[in-house]
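**Student:** Sharing a structure here in structure tokens format.
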Amino acid sequence: MVSYMQVEGLTKSFGDLVLFENISFGIAEGQRIGLIAKNGSGKTTLLNIIAGKEGYDAGNIIFRRDLRVGYLEQDPQYPEELTVLEACFHSNNGIVQLIKEYERCMETEGHPGMEELLVKMEHEKAWDYERKAKQILSQLKIRNFEQQIKHLSGGQLKRVALANVLITEPDLLFLDEPTNHLDLDMTEWLEEYLRRTNISLLMVTHDRYFLDRVCTEIVEIDNRQIYQYKGNYSYYLEKRQERIDSTNAEIARANNLYRTELDWMRRMPQARGHKARYREEAFYELEKVAKQRFNNDNVKLEVKASYIGSKIFEADHLYKSYGDLKILEDFSYIFARYEKMGIVGNNGTGKSTFIKILMGEVEPDKGVIDVGETVKFGYYSQDGLQFDEQMKVIDVVQDIAEVIELGNGKRLTASQFLQHFLFTPETQHSYVYKLSGGERRRLYLCTVLMRNPNFLVLDEPTNDLDIITLNVLEEYLMNFKGCVIVVSHDRYFMDKVVDHLLVFNGQADIRDFPGNYSDYRDWKEAKAQKEKDAEKPKEEKTARVRENDKRKLTYKERLELQQIEKDLEEWEQEKSDIEAALCTGTLSSDELTVKSKRIAELVDLIDEKTMRWLELSEIEG
């Protein structure tokens, strides 16, 4: 395989915090690698370093020459006044820079270097850039190209950024949490797109189905080191457990030998001969292994939920709309005790608005919600992440409670509780502003759960959480003695946690589905197949009629076909003549301007008429 990129001996630290040390790995043509690590271990930092957006302490990063690279950042930013289409030209990718160089040349007197630029534009297919941008944006359900960036939702902005990196058809693509803020349809579209292309990938994602279906290799950062697994996410889980078991066995063996050698060291405090000094040096190496504490993050959290009565909440004939957009229309529902509901639907169908109505943050247009007296909500919202940046992590939690009741007489201190959510003692005494985005999410989750709620409402809780934390949260929710509503695009998470789904189809069309997300997806696919099969007899009948009596071209269509063939021949010849003239270097600046504009017009005309020619030719048969 052709090597695209090689990382050699890379080290990165922030003060005393070493993220990774002397790590090496490579990416070859066709490889699709998932990068996995706990939050705060440097996943995003590593991507930023490789993409040239951040420095590093030591090591080398080597790219193959002329490699086309794309990078989708976790939180893409664009100037707010730009339109969607303008944002696709607000990029440092090679084609955009070439287009800008061409435009500068056109505005410069004498057009210096125009001949060379035109050859490059043709080679890079830069004339088609805007058309490709519109095509991919449309596939991503962004069709208002003149809409300003400041009016886009988080999901729409992510899709614009995704279009921006896909337009250039990169050889190597870096993706940082690509499924965050994408609805399920878009996640599955991206999954399929990446699987059928030959793009090489290095990506960070918490979406385990996405990892399983797209990646062919997993790279894990653990304890500052790199571990590589040649397989998908399921294979990685199996092999990682084998590594953990092997390491634990090694530590156990070292501990047994360490006790024997420690006794020898204590009995031999005097000067030693050469053989004894060798044994002493071996003892210190053995001590390092024996004192390892391999953290496999296999934690289990059980927080006592407050008592919840039989009456939870009742929604009675709710209505809510914003102009022509209907969210709820005559919606009624009685929530049952210990119910675990998942809410799914495309962005903009009203999922978060429904949650806010339930929480009393948004008033319905009509109807009432009656909440039981014993209900104690724990609300994790998308925009609730607000902390005093100068506070220490432990102080944030202790301000809520010094001790957390677990039930059965058990309790945890604030520090012990934080350790269940993978905050080490060192991190607990660090300031909030030093936390990564994922660590802040984890801290926010802690502050919600530690208040002993009996009804959890979680709006996109999985965004920015690492896989290890997700496992802890899933285990907690599966054993939670209370009610749960989860809005999430994480299919794996929904499968493990919820009993049934409320499906938001848009315009107040809300359906209750009895099962998890995979059940729902299977049902949708079976329904679509059934509908397709039902149409087949009709299609076959039409096909037979056409086979015996094909539709002929009308006289007008035959003339049109002949004219298109003539036009295409003339336009192709004109295009070839212009390309030859542009390469001679003998044209004046005015002639260059006219001919470069004409070649762009010809490309559009040829594309448009070729499609019509194909359509008519198919009828002609």
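Ligands are numbered from 1 in the order shown, residues from 1 within each chain, and chains are lettered A, B, ... in the order they appear in the structure tokens.
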I'd like the neighbourhood of Ser381 (chain A) as a list in words, where a residue qualifies if any of its atoms comes within 9 Å (using only C-alpha atoms), though same-chain residues fewer than 5 positions away should be ignored.
**Tutor:**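 Everything that qualifies: Ser352, Val457, Leu458, Asp459, Glu460 and Pro461 of chain A.
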**Student:** Could you save the residues just selected, with N, CA and C atoms, as a JSON list (two decimals), in the first residue's frame?
**Tutor:**
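Generated output (result.json):
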```
[["chain", "number", "residue", "atom", "x", "y", "z"],
["A", 352, "SER", "N", -36.34, 19.10, 20.60],
["A", 352, "SER", "CA", -35.89, 19.92, 21.73],
["A", 352, "SER", "C", -37.01, 20.83, 22.24],
["A", 457, "VAL", "N", -34.17, 13.81, 32.04],
["A", 457, "VAL", "CA", -34.45, 14.29, 30.69],
["A", 457, "VAL", "C", -33.11, 14.68, 30.09],
["A", 458, "LEU", "N", -32.67, 13.92, 29.10],
["A", 458, "LEU", "CA", -31.32, 14.09, 28.54],
["A", 458, "LEU", "C", -31.42, 14.48, 27.07],
["A", 459, "ASP", "N", -31.06, 15.72, 26.76],
["A", 459, "ASP", "CA", -31.12, 16.23, 25.39],
["A", 459, "ASP", "C", -29.72, 16.18, 24.79],
["A", 460, "GLU", "N", -29.50, 15.23, 23.89],
["A", 460, "GLU", "CA", -28.21, 14.98, 23.25],
["A", 460, "GLU", "C", -27.07, 14.82, 24.27],
["A", 461, "PRO", "N", -27.20, 13.85, 25.19],
["A", 461, "PRO", "CA", -26.16, 13.69, 26.22],
["A", 461, "PRO", "C", -24.86, 13.10, 25.69]]
```
**Student:** Could you go through region 37-266 of chain A and tell me which residues DSSP, when run on the backbone, assigns to helix (DSSP H, G or I), listing them as a PyMOL selection string?
**Tutor:** chain A and resi 43-50+84-87+94-107+114-123+126-139+149-151+154-167+184-196+208-214+233-266
**Student:** To one decimal place in Å, what is the distance between CA of Leu602 (chain A) and CA of Glu579 (chain A)?
**Tutor:**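 Between CA of Leu602 (chain A) and CA of Glu579 (chain A) the gap is 11.5 Å.
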**Student:** Just to confirm, what's the straight-line distance from CA of Gly384 (chain A) to CA of Leu449 (chain A) in Å (one decimal)?
**Tutor:**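 CA of Leu449 (chain A) lies at a distance of 13.9 Å from CA of Gly384 (chain A).
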**Student:** Which residues of region 29-142 of chain A come within 6 Å of region 149-156 of chain A, and for each one, what is the closest pair of atoms and their distance in Å to one decimal, counting only C-alpha atoms, sorted by chain and residue number, as a Markdown table?
**Tutor:**
```
| residue | atom | partner | partner_atom | distance |
| --- | --- | --- | --- | --- |
| A:Glu80 | CA | A:Lys150 | CA | 4.6 |
| A:Leu82 | CA | A:Ile149 | CA | 5.8 |
| A:Thr83 | CA | A:Ile149 | CA | 5.7 |
```
**Student:** Please, which residues in region 42-138 of chain A fall within 10 Å of region 12-17 of chain A when counting only C-alpha atoms, and what is the closest atom pair and distance in Å to one decimal for each, ordered by chain then residue number, as CSV?
**Tutor:**
```
residue,atom,partner,partner_atom,distance
A:Gly42,CA,A:Lys12,CA,8.7
A:Thr45,CA,A:Lys12,CA,8.7
A:Leu46,CA,A:Lys12,CA,8.5
A:Ile49,CA,A:Lys12,CA,9.2
A:Gly55,CA,A:Lys12,CA,8.3
A:Tyr56,CA,A:Lys12,CA,5.1
A:Asp57,CA,A:Lys12,CA,5.2
A:Ala58,CA,A:Lys12,CA,7.2
A:Gly59,CA,A:Lys12,CA,9.2
```
**Student:** Near Ala37 (chain A), within 12 Å and counting only C-alpha atoms, which residues show up once chain neighbours fewer than 5 positions away are dropped, as a list in words?
**Tutor:**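 Here the answer would be Leu19, Phe20, Gly42, Lys43, Thr44, Thr45, Leu46, Met203, Val204, Thr205, His206, Ile218, Val219, Glu220, Ile221, Asp222, Asn223, Arg224, Gln225, Ile226, Tyr227, Asn296, Asp297, Gly438, Leu465, Asp466, Ile467, Ile468 and Thr469 of chain A.
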**Student:** Would you mind exporting C-alpha atoms of the selected residues as an mmCIF file, in the first residue's frame?
**Tutor:**
```cif
data_model
loop_
_atom_site.group_PDB
_atom_site.id
_atom_site.type_symbol
_atom_site.label_atom_id
_atom_site.label_comp_id
_atom_site.auth_asym_id
_atom_site.auth_seq_id
_atom_site.Cartn_x
_atom_site.Cartn_y
_atom_site.Cartn_z
ATOM 1 C CA LEU A 19 -0.797 13.927 26.460
ATOM 2 C CA PHE A 20 1.264 11.445 24.450
ATOM 3 C CA GLY A 42 -5.420 14.461 23.302
ATOM 4 C CA LYS A 43 -7.559 13.129 20.412
ATOM 5 C CA THR A 44 -8.516 16.561 19.048
ATOM 6 C CA THR A 45 -5.044 17.908 19.841
ATOM 7 C CA LEU A 46 -3.494 15.095 17.781
ATOM 8 C CA MET A 203 -11.382 10.096 12.567
ATOM 9 C CA VAL A 204 -12.472 10.675 16.133
ATOM 10 C CA THR A 205 -16.051 9.656 16.887
ATOM 11 C CA HIS A 206 -18.068 8.296 19.815
ATOM 12 C CA ILE A 218 -8.608 1.262 15.400
ATOM 13 C CA VAL A 219 -5.825 3.314 17.010
ATOM 14 C CA GLU A 220 -6.097 3.815 20.779
ATOM 15 C CA ILE A 221 -4.248 6.377 22.901
ATOM 16 C CA ASP A 222 -3.915 4.930 26.398
ATOM 17 C CA ASN A 223 -1.505 5.993 29.131
ATOM 18 C CA ARG A 224 0.321 8.293 26.640
ATOM 19 C CA GLN A 225 1.019 5.412 24.248
ATOM 20 C CA ILE A 226 -0.446 4.185 20.941
ATOM 21 C CA TYR A 227 -2.025 0.745 20.436
ATOM 22 C CA ASN A 296 -9.501 -0.495 32.467
ATOM 23 C CA ASP A 297 -12.172 2.064 33.387
ATOM 24 C CA GLY A 438 -15.667 16.281 26.548
ATOM 25 C CA LEU A 465 -18.572 12.249 25.526
ATOM 26 C CA ASP A 466 -15.895 9.596 25.021
ATOM 27 C CA ILE A 467 -16.844 5.947 24.578
ATOM 28 C CA ILE A 468 -15.667 4.976 28.079
ATOM 29 C CA THR A 469 -17.936 7.602 29.693
#
```
**Student:** Might you pull out every residue within 8 Å of region 516-522 of chain A, with only C-alpha atoms counted and same-chain residues fewer than 3 positions away left off, and present them as a ChimeraX atom specification?
**Tutor:** /A:342,491,494-496,498-501,513,525-526
**Student:** Set out as a Markdown table a contact list for region 333-387 of chain A and region 451-455 of chain A with a cut-off of 9 Å, giving each residue of region 333-387 of chain A that qualifies its closest atom pair and distance in Å to one decimal, counting only C-alpha atoms, ordered by chain and rising residue number.
**Tutor:**
```
| residue | atom | partner | partner_atom | distance |
| --- | --- | --- | --- | --- |
| A:Tyr338 | CA | A:Phe455 | CA | 8.6 |
| A:Thr374 | CA | A:Asn454 | CA | 8.6 |
| A:Val375 | CA | A:Asn454 | CA | 6.4 |
| A:Lys376 | CA | A:Pro453 | CA | 5.1 |
| A:Phe377 | CA | A:Phe455 | CA | 4.8 |
| A:Gly378 | CA | A:Pro453 | CA | 5.1 |
| A:Tyr379 | CA | A:Phe455 | CA | 8.5 |
```
**Student:** Skip Arg32 (chain A) itself and residues of its chain fewer than 6 positions away, then list as number ranges by chain all residues within 8 Å of it, counting only C-alpha atoms.
**Tutor:** A: 199-202, 214-217
**Student:** Go through A:Asn463, A:Ser138, A:Gln563, A:Asn39 and flag the residue nearest Thr179 (chain A), using only C-alpha atoms for the distances.
**Tutor:**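 Checking each of A:Asn463, A:Ser138, A:Gln563, A:Asn39 against Thr179 (chain A), counting only C-alpha atoms, the winner is A:Asn463.
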**Student:** Could you give me, as a PyMOL selection string, the residues within 10 Å of region 396-408 of chain A, counting only C-alpha atoms and dropping anything in the same chain fewer than 5 positions from it?
**Tutor:** chain A and resi 301-306+387-388+391+413-418+428+431-432+443-444+446-452
**Student:** Those same residues - C-alpha atoms - I'd like them written as a PDB file, in the first residue's frame.
**Tutor:**
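Result file is selection17.pdb:
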```
ATOM      1  CA  LEU A 301     -22.244   3.914  39.084  1.00  0.00           C
ATOM      2  CA  GLU A 302     -25.394   3.466  41.118  1.00  0.00           C
ATOM      3  CA  VAL A 303     -26.889   6.676  42.440  1.00  0.00           C
ATOM      4  CA  LYS A 304     -30.029   6.463  44.534  1.00  0.00           C
ATOM      5  CA  ALA A 305     -33.059   7.962  42.778  1.00  0.00           C
ATOM      6  CA  SER A 306     -35.640   9.821  44.846  1.00  0.00           C
ATOM      7  CA  PHE A 387     -19.443  26.888  34.850  1.00  0.00           C
ATOM      8  CA  ASP A 388     -17.263  29.432  36.574  1.00  0.00           C
ATOM      9  CA  MET A 391     -13.397  27.204  39.916  1.00  0.00           C
ATOM     10  CA  THR A 413     -17.785  11.709  48.813  1.00  0.00           C
ATOM     11  CA  ALA A 414     -17.729  14.296  46.023  1.00  0.00           C
ATOM     12  CA  SER A 415     -14.198  13.184  45.131  1.00  0.00           C
ATOM     13  CA  GLN A 416     -15.156   9.488  44.973  1.00  0.00           C
ATOM     14  CA  PHE A 417     -18.184  10.344  42.836  1.00  0.00           C
ATOM     15  CA  LEU A 418     -15.980  12.243  40.356  1.00  0.00           C
ATOM     16  CA  GLN A 428     -10.305  17.205  40.259  1.00  0.00           C
ATOM     17  CA  TYR A 431      -9.396  24.509  37.048  1.00  0.00           C
ATOM     18  CA  VAL A 432     -12.483  24.248  34.839  1.00  0.00           C
ATOM     19  CA  LEU A 443     -18.643  17.307  34.674  1.00  0.00           C
ATOM     20  CA  TYR A 444     -22.042  18.730  33.664  1.00  0.00           C
ATOM     21  CA  CYS A 446     -22.105  14.667  37.182  1.00  0.00           C
ATOM     22  CA  THR A 447     -23.861  17.817  38.447  1.00  0.00           C
ATOM     23  CA  VAL A 448     -27.174  16.569  36.996  1.00  0.00           C
ATOM     24  CA  LEU A 449     -26.985  12.997  38.341  1.00  0.00           C
ATOM     25  CA  MET A 450     -25.715  13.796  41.837  1.00  0.00           C
ATOM     26  CA  ARG A 451     -28.913  15.680  42.756  1.00  0.00           C
ATOM     27  CA  ASN A 452     -30.733  12.304  43.015  1.00  0.00           C
TER      28      ASN A 452
END
```
**Student:** Need to verify the contact set: Tyr129 (chain A), 10 Å, only C-alpha atoms, exclusion of same-chain residues closer than 6 positions in sequence. Can you return it as a ChimeraX atom specification?
**Tutor:** /A:88-89,95-96,99,135,167-168
**Student:** Rounded to one decimal, what separation in Å do you get between CA of Met186 (chain A) and CA of Ser488 (chain A)?
**Tutor:**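 Atom-to-atom, CA of Met186 (chain A) and CA of Ser488 (chain A) are spaced 13.5 Å apart.
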**Student:** As a VMD selection string, list the residues of region 158-230 of chain A assigned to strand (DSSP E or B) by DSSP on the backbone atoms of this structure.
**Tutor:** chain A and resid 172 to 176 200 to 204 217 to 222 225 to 229
